[in-house]
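Peer 1: Below you will find the structure I want to go over with you.
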Amino acid sequence: MGKPEHISSYYVATANQSLNFSQLQDTLDCDVCIVGGGITGCSAALQLAERGYQVVLLEGTRVGWGASGRSGGQILQGFACGQGRLNQLVGAEAALTLWQMSLEAIELLKYNIKKYDIQCDFQQGLAEVAVKPRQYKELKAWAEEMQRHYNYHSMRFMEKEELCSILATKRYLGGVYDTNGGHLHPLNYTLGLAKAAQQAGVKIFEQSAVIRVTQGQQPVAVTAQGQVRCRHLILSGNAYLHQILPAIEAKVMPVSTYILATEPLGKTQATQLISNNMAVADVNFVLDYFRLSADWRLLFGGGVSYSTVDPIHLTQTMRRKMLRVFPQLQAIKPAFAWGGHVAITINRAPHFGRVGSNVYFAQGYSGHGLAMAGFAGKLMAEALAGTSERFDLFGEIPHHPFPGGRWLRMPLLVLGTTYYKLKDLF
């Protein structure tokens, strides 16, 4: 693929199809206009088109350009805030329903892969691992709670001895293994959704950034070269909405995270690192996450920039992080290193809702977006078609804007997260 509009990444270099969509240069009318061509937008477009709606999708650069095509590719149950926090936010009954929908999100992802024959290197299995004794105790209690109170039996706790038999590092004290989680090539998954949406009749336009929207009975999305009039508008730009609707953007913050891909290791060496090909993430506030690719590279992610200023020596920084976990890779060369933005909320729960009666949005997945973003698209299609109870339940999660306004909220966030970074040390 390798288009200059995409960043240089392992995913772009190994994209298995090239989708080219024209720029919007006209005025169009449709039932639904979607802003943002990531997993959320492509899923919503596909769901709506299959329900018979006329849909136009506007992407500012290329389909999958943002987090949907750059992420660690890890498929996670639940939410970044955790079930305990969700109970506090909405109550135990609603939190249980939301948990069950997070599992449905994973099932939808698997269904899409099978139904639309999306070749995206899907693999089952994911472990969340402890670096500190405190985390070991918390993960063990979490696994027991999930089995006992949530009847979730695909998850079990692994002691250090078992974990070390699978993972060639002594860094971790134990972990929770979930056969329901997994990993995939996120850009190829996103492109597969876009292709399915196009085949279902969705009109997709790239290089068509929306510069403003007008609300009302007939919302309008305006680009540099055209505009789309619609009955319903969906905003799915997440960290990349660029101030087109400041009221909802104030409740998310773009945070940068980074990934390194090694040169190919070969199957033998790669499976010595992770023998069962699971995805792995530690549970530090500033976490490391890693997995193997289909061509037997190690993809190692970690580090964040709350100021969105990238490290000066990104490859060297990521390589140091990787060697802290796998010192045996000292002689292995990096092949790619890249970063991108995820949108976080203050409480780390996803932020879904409406503005007025006909503008819908879903954002703020806080690192748990690969499966949930596709499900958000389905929920918005349901709500738009008249069945809104499930979408509205997400809307009951309380959210607040980041303090400090447009100019001060970033430095205040950097200051506020220092405590949690220090907590990772103990």
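Residue numbering restarts at 1 in every chain; chains get A, B, ... in the order shown in the structure tokens, and ligands count up from 1 in that same order.
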When you look at Asn112 in chain A with a cut-off of 8 Å (counting only C-alpha atoms), what residues show up, excluding the ones that are within fewer than 5 positions of it in the same chain? I need them as a list in words.

Peer 2: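 With the cut-off at 8 Å, the set is Asp117, Ile118 and Leu193 of chain A.
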
Peer 1: If you count only C-alpha atoms, which residues fall within 7 Å of Leu233 in chain A, apart from same-chain ones fewer than 2 positions away, as JSON, numbers by chain?

Peer 2: {"A": [32, 33, 34, 219, 230, 231, 235, 358, 359, 360]}

Peer 1: How many Å separate CA of Ala15 in chain A from CA of His183 in chain A?

Peer 2: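 Computing it gives 15.9 Å between the two atoms.
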
Peer 1: At a cut-off of 12 Å, using only C-alpha atoms, what residues contact Met146 in chain A? Leave out same-chain residues fewer than 2 positions from it and give the result as JSON, numbers by chain.

Peer 2: {"A": [77, 78, 82, 83, 84, 96, 99, 100, 139, 140, 141, 142, 143, 144, 148, 149, 150, 151, 152, 153, 154, 155, 156, 157, 176, 178]}

Peer 1: Of the residues A:Val252, A:Leu265, A:Ala371, A:Val280, which is the one nearest to Glu128 in chain A, using only C-alpha atoms?

Peer 2: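 Selected residue with least distance to Glu128 in chain A: A:Val280.
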